[in-house]
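Engineer: One structure coming up, written as structure tokens, with questions to follow.
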Amino acid sequence: MTITVFGSSRCAEGSEEYKLAYELGRAIAAAGHSVCNGGFGGTMEACARGAKEAGGSTIGVTIQLFGQSANPWIDQTIRTNTLVERLLKLIELGDAFVTLRGGTGTLLELAAVWEMMNKGIIPARPLLTFEPFWTPLIRMMAEELYVWSTGSPVIVQQVRTPEECARALEELLPKT
């Protein structure tokens, strides 16, 4: 299975956020899954690096607009022309989604996946975020979804560690 991981391009090697993403990549690869992400630096690099160093495979979906090459831990690069094409490709490739700390781009990715599942545009798939960063947003949106929903809204599961994330994915993903 392919796990699409969203996160910031702005964290530096050695930071706590970089270490978390690195360990997440290792945990995903150790569970036998591929990592897919935006292919550039920060948490994308860390997660891909962790996956590769654990013997896993990686996919980077990059965007021509940024004019950069994928980080060296990406096995397969898919280059898109626009931000929207990149977002849709990241979603298309994911059998599950994990969201690390990030800025407005990461928020866009999380919101797009969540909305597409809630509207039935794509089938419901595991959608996880790391606490505590996303907790206020997830709580607020979950309350609104329950108040206004006419169906069964997709609920985001929150995790605290890469190991907890890997266990949750194991429980939530279909058995092959």
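Here, A, B, ... name the chains of the structure tokens in the order displayed, residue numbers run from 1 inside each chain, and ligands are numbered from 1 in the same displayed order.
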Quick one: contact table of region 101-120 of chain A to region 44-61 of chain A, 12 Å max, nearest atom pair and distance in Å to one decimal per residue, counting only C-alpha atoms, chain and number order, as a Markdown table?
Structural biologist:
```
| residue | atom | partner | partner_atom | distance |
| --- | --- | --- | --- | --- |
| A:Arg101 | CA | A:Met44 | CA | 11.3 |
| A:Gly102 | CA | A:Met44 | CA | 10.8 |
| A:Thr106 | CA | A:Met44 | CA | 11.3 |
```
Engineer: I'd like the contact shell of Leu20 (chain A) - 12 Å cut-off, only C-alpha atoms, skipping same-chain residues fewer than 6 positions apart - returned as a ChimeraX atom specification.
Structural biologist: /A:7-8,11-14,26-27,42-50,99-101,130-131,160-163,165
Engineer: Kindly indicate which residue among A:Phe6, A:Thr77, A:Val35, A:Arg139 lies nearest to Ala112 (chain A), using only C-alpha atoms for the distances.
Structural biologist: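 Closest to Ala112 (chain A), using only C-alpha atoms: A:Phe6.
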Engineer: Within 8 Å of Asn81 (chain A), counting only C-alpha atoms, which residues show up once you throw out same-chain ones fewer than 5 positions away? Write them as a VMD selection string, please.
Structural biologist: chain A and resid 63 to 65 86
Engineer: Restrict the selected residues to C-alpha atoms and save them as a PDB file, in the first residue's frame.
Structural biologist:
```
ATOM      1  CA  ILE A  63       5.830  20.622  -9.259  1.00  0.00           C
ATOM      2  CA  GLN A  64       7.538  22.293 -12.203  1.00  0.00           C
ATOM      3  CA  LEU A  65       6.725  25.742 -10.793  1.00  0.00           C
ATOM      4  CA  ARG A  86       0.237  17.868  -7.707  1.00  0.00           C
TER       5      ARG A  86
END
```
Engineer: Kindly give the distance, in Å, that separates CA of Ala124 (chain A) and CA of Gly94 (chain A), rounded to a single decimal.
Structural biologist: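 Separating CA of Ala124 (chain A) from CA of Gly94 (chain A) is a distance of 11.2 Å.
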